[in-house]
file final-v2.cif (mmCIF, C-alpha atoms (C1' of nucleotides))
data_coords
loop_
_atom_site.label_atom_id
_atom_site.label_comp_id
_atom_site.auth_asym_id
_atom_site.auth_seq_id
_atom_site.Cartn_x
_atom_site.Cartn_y
_atom_site.Cartn_z
CA MET A 1 95.97 85.10 117.35
CA VAL A 2 96.96 88.13 115.36
CA THR A 3 95.13 91.41 115.74
CA ILE A 4 96.02 93.73 112.92
CA GLY A 5 93.61 96.56 113.44
CA THR A 6 90.36 97.44 115.08
CA ALA A 7 89.02 99.69 112.35
CA SER A 8 85.27 99.51 112.12
CA TYR A 9 83.19 101.42 109.60
CA THR A 10 79.45 101.83 109.19
CA GLY A 11 77.04 103.66 106.94
CA THR A 12 78.39 105.71 104.06
CA ALA A 13 82.02 105.24 105.05
CA ALA A 14 81.60 101.47 104.91
CA ARG A 15 79.86 101.67 101.53
CA ILE A 16 82.67 103.82 100.17
CA LEU A 17 85.18 101.25 101.33
CA ASP A 18 83.14 98.46 99.75
CA VAL A 19 83.13 100.18 96.37
CA ALA A 20 86.77 101.29 96.58
CA GLU A 21 87.87 97.82 97.62
CA VAL A 22 86.44 96.24 94.49
CA LEU A 23 88.04 98.95 92.36
CA VAL A 24 91.48 98.43 93.88
CA GLN A 25 91.24 94.65 93.66
CA THR A 26 90.20 94.73 90.01
CA ARG A 27 91.95 97.84 88.63
CA GLY A 28 94.68 98.66 91.13
CA PHE A 29 95.18 101.70 93.35
CA ASN A 30 96.44 103.72 90.39
CA GLY A 31 93.65 102.46 88.16
CA PHE A 32 90.65 104.19 89.69
CA SER A 33 89.66 107.67 90.89
CA TYR A 34 87.34 109.31 93.35
CA ALA A 35 85.09 109.99 90.38
CA ASP A 36 84.69 106.22 89.83
CA ILE A 37 83.55 105.69 93.41
CA ALA A 38 81.24 108.71 93.28
CA ALA A 39 79.62 107.54 90.03
CA GLU A 40 79.04 104.06 91.41
CA MET A 41 77.44 105.46 94.57
CA ASN A 42 75.55 108.34 92.99
CA ILE A 43 77.13 110.89 95.27
CA THR A 44 79.72 113.58 94.53
CA LYS A 45 83.48 113.49 94.91
CA ALA A 46 83.24 116.20 97.56
CA ALA A 47 81.14 113.90 99.73
CA LEU A 48 83.89 111.29 99.59
CA HIS A 49 86.42 113.79 100.89
CA TYR A 50 84.22 114.33 103.94
CA HIS A 51 84.64 110.68 104.92
CA PHE A 52 88.22 110.15 103.78
CA ALA A 53 90.43 113.23 103.54
CA GLY A 54 92.38 111.96 100.56
CA LYS A 55 93.10 108.91 98.48
CA ALA A 56 96.01 108.00 100.73
CA GLU A 57 93.80 107.91 103.83
CA LEU A 58 91.19 105.90 101.95
CA GLY A 59 93.92 103.45 100.97
CA GLU A 60 95.06 103.07 104.57
CA ALA A 61 91.51 102.41 105.72
CA LEU A 62 91.07 99.83 102.95
CA ILE A 63 94.11 97.82 103.99
CA SER A 64 93.29 98.12 107.68
CA ARG A 65 89.76 96.79 107.21
CA TYR A 66 90.87 94.07 104.80
CA ALA A 67 93.60 92.88 107.16
CA ALA A 68 91.23 92.86 110.11
CA ARG A 69 88.71 90.80 108.14
CA PHE A 70 91.45 88.39 107.09
CA ALA A 71 92.65 88.05 110.67
CA ASP A 72 89.10 87.28 111.74
CA ALA A 73 88.86 84.58 109.09
CA LEU A 74 92.10 83.01 110.30
CA ALA A 75 90.89 83.12 113.88
CA ALA A 76 87.73 81.35 112.76
CA VAL A 77 89.83 78.63 111.15
CA ASP A 78 91.69 78.21 114.41
CA SER A 79 88.47 78.03 116.39
CA ALA A 80 87.16 75.29 114.11
CA GLY A 81 89.97 73.14 115.47
CA ALA A 82 90.71 71.35 112.21
CA GLN A 83 93.79 69.32 111.36
CA PRO A 84 96.87 71.21 110.11
CA ALA A 85 96.40 70.12 106.49
CA ALA A 86 92.76 71.19 106.62
CA LYS A 87 93.82 74.56 108.02
CA LEU A 88 96.10 75.08 105.05
CA GLU A 89 93.28 74.17 102.71
CA ALA A 90 90.99 76.61 104.50
CA TYR A 91 93.69 79.24 104.11
CA ALA A 92 93.91 78.62 100.37
CA HIS A 93 90.14 78.72 100.16
CA LEU A 94 90.15 82.30 101.45
CA TYR A 95 92.16 83.26 98.40
CA LEU A 96 89.93 81.22 96.13
CA ASP A 97 86.84 83.05 97.36
CA VAL A 98 88.45 86.34 96.35
CA LEU A 99 89.52 85.01 92.95
CA ARG A 100 86.02 83.68 92.26
CA GLU A 101 84.81 87.28 92.39
CA GLN A 102 87.43 88.01 89.75
CA ARG A 103 89.41 90.06 92.19
CA MET A 104 93.06 90.01 93.11
CA CYS A 105 94.08 89.87 96.76
CA LEU A 106 94.01 93.51 97.89
CA CYS A 107 97.54 93.41 99.25
CA GLY A 108 98.83 91.36 96.35
CA MET A 109 97.60 94.10 94.05
CA LEU A 110 99.15 96.77 96.26
CA ALA A 111 102.41 94.80 96.37
CA ALA A 112 102.66 95.26 92.60
CA GLU A 113 102.11 99.00 92.95
CA TYR A 114 104.21 99.21 96.11
CA GLN A 115 106.72 101.71 94.79
CA THR A 116 103.97 104.25 94.00
CA LEU A 117 102.22 104.02 97.39
CA PRO A 118 102.43 106.57 100.22
CA GLU A 119 104.49 105.32 103.13
CA PRO A 120 101.63 104.49 105.54
CA MET A 121 100.07 102.24 102.90
CA ARG A 122 103.39 100.52 102.28
CA ALA A 123 103.82 99.73 105.94
CA ALA A 124 100.27 98.38 106.16
CA VAL A 125 100.85 96.07 103.19
CA LEU A 126 103.92 94.58 104.83
CA ARG A 127 102.05 94.13 108.10
CA PHE A 128 99.40 92.14 106.23
CA PHE A 129 101.97 89.75 104.82
CA ASP A 130 103.73 89.51 108.16
CA ALA A 131 100.49 88.54 109.88
CA ASN A 132 99.80 85.87 107.26
CA GLU A 133 103.31 84.55 107.67
CA THR A 134 102.98 84.36 111.44
CA TRP A 135 99.73 82.44 111.26
CA LEU A 136 100.99 80.00 108.64
CA GLN A 137 104.25 79.49 110.50
CA GLU A 138 102.33 78.43 113.58
CA VAL A 139 100.17 75.99 111.63
CA LEU A 140 103.25 74.55 109.94
CA GLU A 141 105.21 74.11 113.15
CA HIS A 142 102.35 72.45 114.97
CA GLY A 143 101.64 70.31 111.92
CA ARG A 144 105.21 69.13 111.72
CA ALA A 145 105.38 68.42 115.44
CA ALA A 146 102.20 66.35 115.13
CA GLY A 147 103.58 64.46 112.14
CA ALA A 148 100.78 65.75 109.92
CA LEU A 149 102.90 68.05 107.75
CA HIS A 150 106.31 67.43 106.26
CA PHE A 151 108.78 70.01 104.99
CA GLY A 152 112.54 70.30 105.05
CA GLY A 153 113.35 73.96 105.55
CA SER A 154 112.20 76.38 108.21
CA ALA A 155 108.50 76.92 108.89
CA ARG A 156 109.09 80.60 108.20
CA ASP A 157 110.47 79.99 104.71
CA THR A 158 107.73 77.50 103.98
CA ALA A 159 105.09 79.98 105.13
CA ARG A 160 106.60 82.60 102.83
CA MET A 161 106.63 80.12 99.98
CA ILE A 162 102.92 79.40 100.48
CA ILE A 163 102.00 83.09 100.55
CA GLY A 164 103.99 83.82 97.42
CA SER A 165 102.68 80.80 95.57
CA LEU A 166 99.04 81.58 96.33
CA GLU A 167 99.43 85.27 95.49
CA GLY A 168 101.15 84.36 92.24
CA ALA A 169 98.63 81.69 91.33
CA MET A 170 95.90 84.32 91.75
CA LEU A 171 97.86 86.89 89.80
CA VAL A 172 98.20 84.64 86.76
CA ALA A 173 94.84 82.87 86.98
CA ARG A 174 92.81 86.08 86.98
CA PRO A 175 93.75 87.29 83.48
CA TYR A 176 92.73 83.88 82.15
CA GLY A 177 89.47 84.04 84.07
CA ASP A 178 90.24 80.50 85.13
CA THR A 179 89.91 79.55 88.79
CA ALA A 180 90.93 75.98 87.93
CA ARG A 181 94.47 77.25 87.37
CA PHE A 182 94.53 78.48 90.94
CA GLU A 183 93.02 75.31 92.34
CA ALA A 184 95.48 73.06 90.51
CA ALA A 185 98.43 75.10 91.74
CA THR A 186 97.08 74.99 95.29
CA ARG A 187 96.76 71.21 95.14
CA ASN A 188 100.35 70.91 93.96
CA ILE A 189 101.69 73.10 96.75
CA LEU A 190 99.63 71.70 99.61
CA ALA A 191 99.92 68.07 98.54
CA ALA A 192 103.70 68.30 98.80
CA LEU A 193 103.34 69.39 102.43
CA ALA A 194 101.00 66.54 103.29
CA THR A 195 103.23 63.81 101.82
CA ALA A 196 106.25 62.18 103.43
CA GLU A 197 108.81 63.82 101.15
CA GLY A 198 107.87 67.48 101.23
CA PRO A 199 109.60 70.47 99.64
CA GLY A 200 112.96 71.73 100.78
CA GLY A 201 114.19 68.28 101.77
CA ALA A 202 117.75 67.12 102.22
CA ARG A 203 118.26 66.90 98.49
CA ALA A 204 117.33 70.56 98.02
CA GLN A 205 119.73 72.59 95.91
CA PRO A 206 120.04 76.37 95.84
CA ALA A 207 118.29 77.89 92.85
CA SER A 208 121.22 80.19 92.23
CA GLY A 209 124.88 80.54 93.09
CA MET B 1 111.41 76.55 70.46
CA VAL B 2 108.94 79.35 70.88
CA THR B 3 109.15 82.47 68.76
CA ILE B 4 106.92 85.13 70.23
CA GLY B 5 107.84 88.13 68.16
CA THR B 6 110.54 89.50 65.92
CA ALA B 7 110.29 93.11 67.04
CA SER B 8 113.64 94.81 66.87
CA TYR B 9 114.28 98.41 67.91
CA THR B 10 117.32 100.62 67.60
CA GLY B 11 118.33 104.19 68.42
CA THR B 12 115.86 106.45 70.16
CA ALA B 13 112.99 103.95 69.95
CA ALA B 14 115.08 101.38 71.80
CA ARG B 15 116.11 103.90 74.44
CA ILE B 16 112.48 104.88 74.96
CA LEU B 17 111.60 101.24 75.47
CA ASP B 18 114.49 100.82 77.91
CA VAL B 19 113.27 103.69 80.06
CA ALA B 20 109.59 102.76 79.79
CA GLU B 21 110.35 99.15 80.66
CA VAL B 22 111.95 100.09 83.96
CA LEU B 23 109.03 102.40 84.74
CA VAL B 24 106.42 99.71 84.08
CA GLN B 25 108.35 97.09 86.02
CA THR B 26 108.77 99.34 89.04
CA ARG B 27 105.63 101.54 89.02
CA GLY B 28 103.16 99.72 86.78
CA PHE B 29 101.61 100.73 83.46
CA ASN B 30 99.20 103.07 85.24
CA GLY B 31 101.95 104.45 87.44
CA PHE B 32 104.00 106.40 84.92
CA SER B 33 103.45 108.94 82.14
CA TYR B 34 105.05 110.08 78.92
CA ALA B 35 106.35 113.03 80.96
CA ASP B 36 108.35 110.61 83.13
CA ILE B 37 110.04 109.07 80.10
CA ALA B 38 110.67 112.46 78.52
CA ALA B 39 112.23 113.83 81.71
CA GLU B 40 114.51 110.82 82.07
CA MET B 41 115.66 111.13 78.45
CA ASN B 42 115.82 114.93 78.27
CA ILE B 43 113.54 115.06 75.25
CA THR B 44 109.94 116.27 74.95
CA LYS B 45 106.74 114.30 75.16
CA ALA B 46 105.99 115.20 71.54
CA ALA B 47 109.15 113.40 70.43
CA LEU B 48 107.92 110.23 72.11
CA HIS B 49 104.71 110.34 70.11
CA TYR B 50 106.76 110.34 66.93
CA HIS B 51 108.20 106.92 67.84
CA PHE B 52 105.14 105.41 69.52
CA ALA B 53 101.75 106.81 68.57
CA GLY B 54 100.26 106.37 72.02
CA LYS B 55 100.77 104.71 75.35
CA ALA B 56 98.91 101.63 74.16
CA GLU B 57 101.26 101.13 71.20
CA LEU B 58 104.25 101.69 73.47
CA GLY B 59 102.87 99.05 75.80
CA GLU B 60 102.48 96.54 73.00
CA ALA B 61 106.04 97.14 71.86
CA LEU B 62 107.28 96.69 75.43
CA ILE B 63 105.66 93.30 75.84
CA SER B 64 106.70 92.16 72.39
CA ARG B 65 110.34 93.01 72.98
CA TYR B 66 110.31 91.59 76.51
CA ALA B 67 108.76 88.32 75.35
CA ALA B 68 111.24 88.01 72.48
CA ARG B 69 114.14 88.54 74.87
CA PHE B 70 112.71 85.97 77.27
CA ALA B 71 112.26 83.48 74.45
CA ASP B 72 115.87 84.01 73.43
CA ALA B 73 116.99 83.34 77.00
CA LEU B 74 115.00 80.10 77.09
CA ALA B 75 116.47 79.04 73.75
CA ALA B 76 119.92 79.70 75.19
CA VAL B 77 119.12 77.44 78.14
CA ASP B 78 118.08 74.73 75.71
CA SER B 79 121.26 75.16 73.68
CA ALA B 80 123.39 74.78 76.79
CA GLY B 81 122.08 71.21 76.96
CA ALA B 82 121.84 71.08 80.75
CA GLN B 83 119.96 68.52 82.84
CA PRO B 84 116.22 69.11 83.42
CA ALA B 85 116.68 70.21 87.04
CA ALA B 86 119.42 72.63 85.97
CA LYS B 87 117.11 74.02 83.29
CA LEU B 88 114.49 74.76 85.93
CA GLU B 89 117.10 76.48 88.05
CA ALA B 90 118.22 78.51 85.05
CA TYR B 91 114.59 79.44 84.48
CA ALA B 92 114.20 80.63 88.05
CA HIS B 93 117.44 82.54 87.73
CA LEU B 94 115.95 84.61 84.91
CA TYR B 95 113.36 85.85 87.38
CA LEU B 96 115.98 86.43 90.06
CA ASP B 97 118.01 88.63 87.73
CA VAL B 98 114.94 90.84 87.25
CA LEU B 99 114.19 90.97 90.97
CA ARG B 100 117.79 91.90 91.77
CA GLU B 101 117.24 95.10 89.80
CA GLN B 102 114.26 95.70 92.10
CA ARG B 103 111.88 95.17 89.23
CA MET B 104 108.79 93.02 88.91
CA CYS B 105 108.42 90.72 85.91
CA LEU B 106 106.95 92.96 83.20
CA CYS B 107 104.06 90.62 82.49
CA GLY B 108 103.51 89.83 86.15
CA MET B 109 103.04 93.55 86.72
CA LEU B 110 100.73 93.82 83.73
CA ALA B 111 98.78 90.79 84.96
CA ALA B 112 97.89 92.78 88.07
CA GLU B 113 96.70 95.70 85.93
CA TYR B 114 95.14 93.40 83.34
CA GLN B 115 91.62 94.76 83.61
CA THR B 116 92.76 98.28 82.76
CA LEU B 117 94.84 97.33 79.70
CA PRO B 118 93.83 97.82 76.05
CA GLU B 119 92.96 94.54 74.34
CA PRO B 120 96.16 94.11 72.29
CA MET B 121 98.24 94.37 75.45
CA ARG B 122 96.03 91.86 77.21
CA ALA B 123 96.47 89.33 74.44
CA ALA B 124 100.24 89.85 74.44
CA VAL B 125 100.43 89.25 78.20
CA LEU B 126 98.62 85.94 77.86
CA ARG B 127 100.89 84.91 74.99
CA PHE B 128 103.88 85.53 77.24
CA PHE B 129 102.56 83.22 79.92
CA ASP B 130 101.54 80.64 77.33
CA ALA B 131 105.05 80.59 75.87
CA ASN B 132 106.54 80.14 79.33
CA GLU B 133 104.13 77.33 80.04
CA THR B 134 104.97 75.56 76.80
CA TRP B 135 108.69 75.71 77.46
CA LEU B 136 108.37 74.52 81.06
CA GLN B 137 105.99 71.77 80.07
CA GLU B 138 108.54 70.37 77.65
CA VAL B 139 111.32 70.46 80.24
CA LEU B 140 109.06 68.77 82.78
CA GLU B 141 107.94 66.03 80.43
CA HIS B 142 111.46 65.22 79.27
CA GLY B 143 112.69 65.38 82.85
CA ARG B 144 110.06 62.94 84.04
CA ALA B 145 110.69 60.58 81.14
CA ALA B 146 114.39 60.61 82.01
CA GLY B 147 113.68 60.00 85.69
CA ALA B 148 115.27 63.30 86.64
CA LEU B 149 112.09 65.06 87.71
CA HIS B 150 109.18 63.74 89.72
CA PHE B 151 105.67 65.13 89.92
CA GLY B 152 102.25 63.59 90.20
CA GLY B 153 99.91 65.71 88.12
CA SER B 154 100.15 66.84 84.54
CA ALA B 155 103.21 68.62 83.21
CA ARG B 156 100.92 71.44 82.17
CA ASP B 157 99.55 72.00 85.66
CA THR B 158 103.03 71.73 87.14
CA ALA B 159 104.35 74.27 84.63
CA ARG B 160 101.54 76.63 85.61
CA MET B 161 102.30 76.08 89.27
CA ILE B 162 105.94 77.01 88.70
CA ILE B 163 105.06 80.19 86.79
CA GLY B 164 102.58 81.29 89.43
CA SER B 165 104.90 80.50 92.29
CA LEU B 166 107.83 82.40 90.81
CA GLU B 167 105.69 85.40 89.87
CA GLY B 168 104.18 85.45 93.33
CA ALA B 169 107.52 85.03 95.07
CA MET B 170 108.76 88.08 93.12
CA LEU B 171 105.61 90.02 93.86
CA VAL B 172 105.98 89.61 97.62
CA ALA B 173 109.78 89.72 97.85
CA ARG B 174 110.08 93.07 96.08
CA PRO B 175 108.26 95.20 98.69
CA TYR B 176 110.57 93.73 101.33
CA GLY B 177 113.60 94.45 99.15
CA ASP B 178 114.68 90.93 100.01
CA THR B 179 115.86 88.64 97.23
CA ALA B 180 116.51 85.90 99.80
CA ARG B 181 112.74 85.48 100.12
CA PHE B 182 112.56 84.70 96.44
CA GLU B 183 115.51 82.34 96.52
CA ALA B 184 114.16 80.38 99.49
CA ALA B 185 110.78 79.98 97.81
CA THR B 186 112.46 78.85 94.59
CA ARG B 187 114.47 76.24 96.47
CA ASN B 188 111.30 74.92 98.10
CA ILE B 189 109.47 74.63 94.78
CA LEU B 190 112.27 73.17 92.70
CA ALA B 191 113.54 70.80 95.38
CA ALA B 192 110.15 69.12 95.50
CA LEU B 193 110.41 68.40 91.78
CA ALA B 194 113.89 66.90 92.08
CA THR B 195 112.98 64.52 94.92
CA ALA B 196 111.25 61.16 94.66
CA GLU B 197 107.96 62.29 96.17
CA GLY B 198 107.13 65.46 94.27
CA PRO B 199 104.05 67.66 94.47
CA GLY B 200 100.65 66.51 93.32
CA GLY B 201 101.32 62.90 94.28
CA ALA B 202 98.78 60.13 94.80
CA ARG B 203 97.91 61.47 98.22
CA ALA B 204 96.95 64.86 96.78
CA GLN B 205 93.63 66.22 97.94
CA PRO B 206 91.61 68.95 96.27
CA ALA B 207 92.12 72.33 97.92
CA SER B 208 88.42 73.03 97.77
CA GLY B 209 85.13 71.24 97.34
"C1'" DG C 1 113.42 113.73 64.52
"C1'" DT C 2 112.78 117.07 67.78
"C1'" DC C 3 110.92 121.22 69.11
"C1'" DT C 4 107.11 124.88 71.04
"C1'" DA C 5 102.59 125.56 71.91
"C1'" DT C 6 98.27 124.15 72.95
"C1'" DA C 7 94.12 121.60 73.09
"C1'" DG C 8 90.70 118.96 75.91
"C1'" DG C 9 90.03 116.14 79.61
"C1'" DC C 10 90.49 114.16 84.11
"C1'" DA C 11 93.04 113.91 88.45
"C1'" DG C 12 92.88 115.02 93.61
"C1'" DA C 13 91.41 118.48 96.45
"C1'" DT C 14 89.04 122.74 98.75
"C1'" DA C 15 85.49 126.56 99.89
"C1'" DG C 16 81.34 127.55 101.23
"C1'" DA C 17 76.10 127.09 100.75
"C1'" DC C 18 72.35 124.19 102.34
"C1'" DG D 1 76.57 114.96 105.22
"C1'" DT D 2 76.00 116.26 100.78
"C1'" DC D 3 75.87 119.60 97.45
"C1'" DT D 4 77.71 123.20 93.56
"C1'" DA D 5 81.44 125.44 91.94
"C1'" DT D 6 86.03 125.91 91.23
"C1'" DC D 7 91.15 125.49 91.48
"C1'" DT D 8 95.48 123.70 90.11
"C1'" DG D 9 97.98 120.44 88.05
"C1'" DC D 10 98.92 116.56 85.21
"C1'" DC D 11 97.40 113.48 81.61
"C1'" DT D 12 97.42 111.92 76.51
"C1'" DA D 13 97.58 113.72 72.22
"C1'" DT D 14 98.01 116.87 68.08
"C1'" DA D 15 99.47 120.87 64.95
"C1'" DG D 16 102.87 122.92 62.83
"C1'" DA D 17 107.66 125.21 62.84
"C1'" DC D 18 112.54 124.03 62.39
#
call {"tool": "encode", "arguments": {"input": "final-v2.cif", "output": "structure tokens"}}
result
Amino acid sequence: MVTIGTASYTGTAARILDVAEVLVQTRGFNGFSYADIAAEMNITKAALHYHFAGKAELGEALISRYAARFADALAAVDSAGAQPAAKLEAYAHLYLDVLREQRMCLCGMLAAEYQTLPEPMRAAVLRFFDANETWLQEVLEHGRAAGALHFGGSARDTARMIIGSLEGAMLVARPYGDTARFEAATRNILAALATAEGPGGARAQPASG
Amino acid sequence: MVTIGTASYTGTAARILDVAEVLVQTRGFNGFSYADIAAEMNITKAALHYHFAGKAELGEALISRYAARFADALAAVDSAGAQPAAKLEAYAHLYLDVLREQRMCLCGMLAAEYQTLPEPMRAAVLRFFDANETWLQEVLEHGRAAGALHFGGSARDTARMIIGSLEGAMLVARPYGDTARFEAATRNILAALATAEGPGGARAQPASG
DNA sequence: GTCTATAGGCAGATAGAC
DNA sequence: GTCTATCTGCCTATAGAC
């Protein structure tokens, strides 16, 4: 179980986060302004500053809430007690739900803009990926021990591969407005883990010298 | 052979593109300004407008030149006459070279910002991915016919999976400043294609209902 | 081709009234 | 909590001299 944050917002603050979240996921952190949020909510920019001192603080709150929600979703998958392969499918489905709303993963988007982010946001983005990696690693290790999943390399590297592949599949599928691209890629990746000869087997060769 | 564009720039225009390219690949299209380019080059913003009417035109030129360079690199891989698996590794190495300079793929970055881009830039980004897909598809089909590559689904879907996985591996590896993350993911992906039981085999299950 | 100067607008942010 | 009003600074872009 991974607890990333305990941030809880209600009322106006929560509504601000809702609006800002969509803006970041569709336009990027550098692609929207306080004026965009204010216009959408029919309040003034000054009111926003009452709830979140600056854009940096708003960004931190966004990641914190998003990560907490994601952690809750993963905990729910664990509680459902499904098979390892089904857990991986449930994991991929979390991404698909985001893509269906024509959004990018919040932290995938912020990963692209990483170099322009204030330090606290950077750290929070990495924590999000770390938490995902930890959860996947556990699923992969248990799955391999139970003979349900098959992969050659370390569970850690395989977890990282899954995260990257899903983030990238979203990244490319969204401009095409085509969720089928994401779903096909997901099938390819997960199917290889559920078959006898998974990725990173003995015959694996380095991709570069 | 895919010819994307024939754009050719020399002198100041080429230097502007060089500087702007790094800025887009590291900070995003919405994360830099004409002032940044001007400062780096020790010229004025007004001089930039002489070469590229506006940021949108500069963006189009950037993608056009990047895509042409990428197409040239793929043609060079073809000319080398390597085995299918080696071609895929060479393809992945193109991405690695970009990541080693701590840059994101230009079009991967622009894919994240897609919704904020002017239409001509959007179209150019999709053309880039389409060209990549076409090239990979050909390598995959020839590789399968020759018994060198193994995958269950269509070559098109597998090509798309590769593009997404490499873009995503870059996206996540860059914030960590860790090229090993990218290389491990690449090994996982490509190894599965070079082994008997590749991804998307008969046992493949849909990732979602 | 590059400059100075400047326009016009929007960014994030603050002060102080209500 | 939300407002009006305002500040400062940066943005893209243009005009016109050299």
call {"tool": "residues_around", "arguments": {"input": "final-v2.cif", "residues": "stretch 78-88 of chain B", "least_positions_apart": "2", "cutoff": "8 Å", "atoms": "all atoms listed in the file", "output": "MDAnalysis selection string"}}
result
chainID B and resid 74:76 90:92 136 139:140 142:143 148:149 190 194
call {"tool": "residues_near_point", "arguments": {"input": "final-v2.cif", "point": "(102.3, 97.1, 95.5)", "cutoff": "10 Å", "atoms": "all atoms listed in the file", "output": "number ranges by chain"}}
result
A: 28-29, 106-117, 121-122, 125-126; B: 26-28, 109, 112, 171-172, 174-175
call {"tool": "resolve_selection", "arguments": {"input": "final-v2.cif", "expression": "the PyMOL selection byres ((chain C and resi 5) around 9)", "output": "PyMOL selection string"}}
result
(chain C and resi 4+6) or (chain D and resi 15)
call {"tool": "residues_around", "arguments": {"input": "final-v2.cif", "residues": "stretch 35-39 of chain B", "least_positions_apart": "3", "cutoff": "12 Å", "atoms": "only C-alpha atoms (C1' of nucleotides)", "output": "PyMOL selection string"}}
result
(chain B and resi 12-13+15-24+27+29+31-32+42-49+55+58) or (chain C and resi 2) or (chain D and resi 10-12)
call {"tool": "closest_residue", "arguments": {"input": "final-v2.cif", "among": "B:Ala14, B:Ala53, B:Leu62, B:Ile162", "to": "chain D", "atoms": "all atoms listed in the file"}}
result
B:Ala53
call {"tool": "residues_around", "arguments": {"input": "final-v2.cif", "residues": "D:DT8", "least_positions_apart": "2", "cutoff": "10 Å", "atoms": "only C-alpha atoms (C1' of nucleotides)", "output": "PyMOL selection string"}}
result
(chain C and resi 12-13) or (chain D and resi 6+10)
call {"tool": "interface_residues", "arguments": {"input": "final-v2.cif", "of": "chain D", "to": "chain A", "cutoff": "12 Å", "atoms": "only C-alpha atoms (C1' of nucleotides)", "output": "list in words"}}
result
DG1, DT2, DC3, DT4, DA5 and DT6 of chain D
call {"tool": "resolve_selection", "arguments": {"input": "final-v2.cif", "expression": "the PyMOL selection byres ((chain B and resi 132) around 9)", "output": "list of chain:residue names"}}
result
B:Val2, B:Phe70, B:Ala71, B:Leu74, B:Arg127, B:Phe128, B:Phe129, B:Asp130, B:Ala131, B:Glu133, B:Thr134, B:Trp135, B:Leu136, B:Gln137, B:Ala159, B:Arg160, B:Ile163
call {"tool": "build_atoms", "arguments": {"input": "final-v2.cif", "residues": "stretch 56-70 of chain B", "atoms": "N, CA and C atoms", "output": "short mmCIF file (atom, residue, chain, number, x, y, z; two decimals), in the frame of the given file"}}
result
data_model
loop_
_atom_site.label_atom_id
_atom_site.label_comp_id
_atom_site.auth_asym_id
_atom_site.auth_seq_id
_atom_site.Cartn_x
_atom_site.Cartn_y
_atom_site.Cartn_z
N ALA B 56 99.31 103.00 74.45
CA ALA B 56 98.91 101.63 74.16
C ALA B 56 99.91 100.95 73.20
N GLU B 57 100.31 101.68 72.16
CA GLU B 57 101.26 101.13 71.20
C GLU B 57 102.63 100.91 71.86
N LEU B 58 103.00 101.86 72.71
CA LEU B 58 104.25 101.69 73.47
C LEU B 58 104.17 100.43 74.32
N GLY B 59 103.06 100.23 74.97
CA GLY B 59 102.87 99.05 75.80
C GLY B 59 102.98 97.75 75.02
N GLU B 60 102.38 97.74 73.85
CA GLU B 60 102.48 96.54 73.00
C GLU B 60 103.93 96.25 72.63
N ALA B 61 104.64 97.31 72.24
CA ALA B 61 106.04 97.14 71.86
C ALA B 61 106.86 96.62 73.04
N LEU B 62 106.56 97.12 74.23
CA LEU B 62 107.28 96.69 75.43
C LEU B 62 107.13 95.19 75.65
N ILE B 63 105.89 94.72 75.59
CA ILE B 63 105.66 93.30 75.84
C ILE B 63 106.30 92.45 74.75
N SER B 64 106.14 92.90 73.52
CA SER B 64 106.70 92.16 72.39
C SER B 64 108.21 91.98 72.53
N ARG B 65 108.88 93.08 72.85
CA ARG B 65 110.34 93.01 72.98
C ARG B 65 110.74 92.17 74.19
N TYR B 66 110.02 92.35 75.28
CA TYR B 66 110.31 91.59 76.51
C TYR B 66 110.14 90.09 76.27
N ALA B 67 109.05 89.73 75.61
CA ALA B 67 108.76 88.32 75.35
C ALA B 67 109.81 87.72 74.42
N ALA B 68 110.23 88.50 73.42
CA ALA B 68 111.24 88.01 72.48
C ALA B 68 112.56 87.77 73.22
N ARG B 69 112.90 88.69 74.11
CA ARG B 69 114.14 88.54 74.87
C ARG B 69 114.07 87.32 75.78
N PHE B 70 112.91 87.13 76.39
CA PHE B 70 112.71 85.97 77.27
C PHE B 70 112.82 84.67 76.47
#
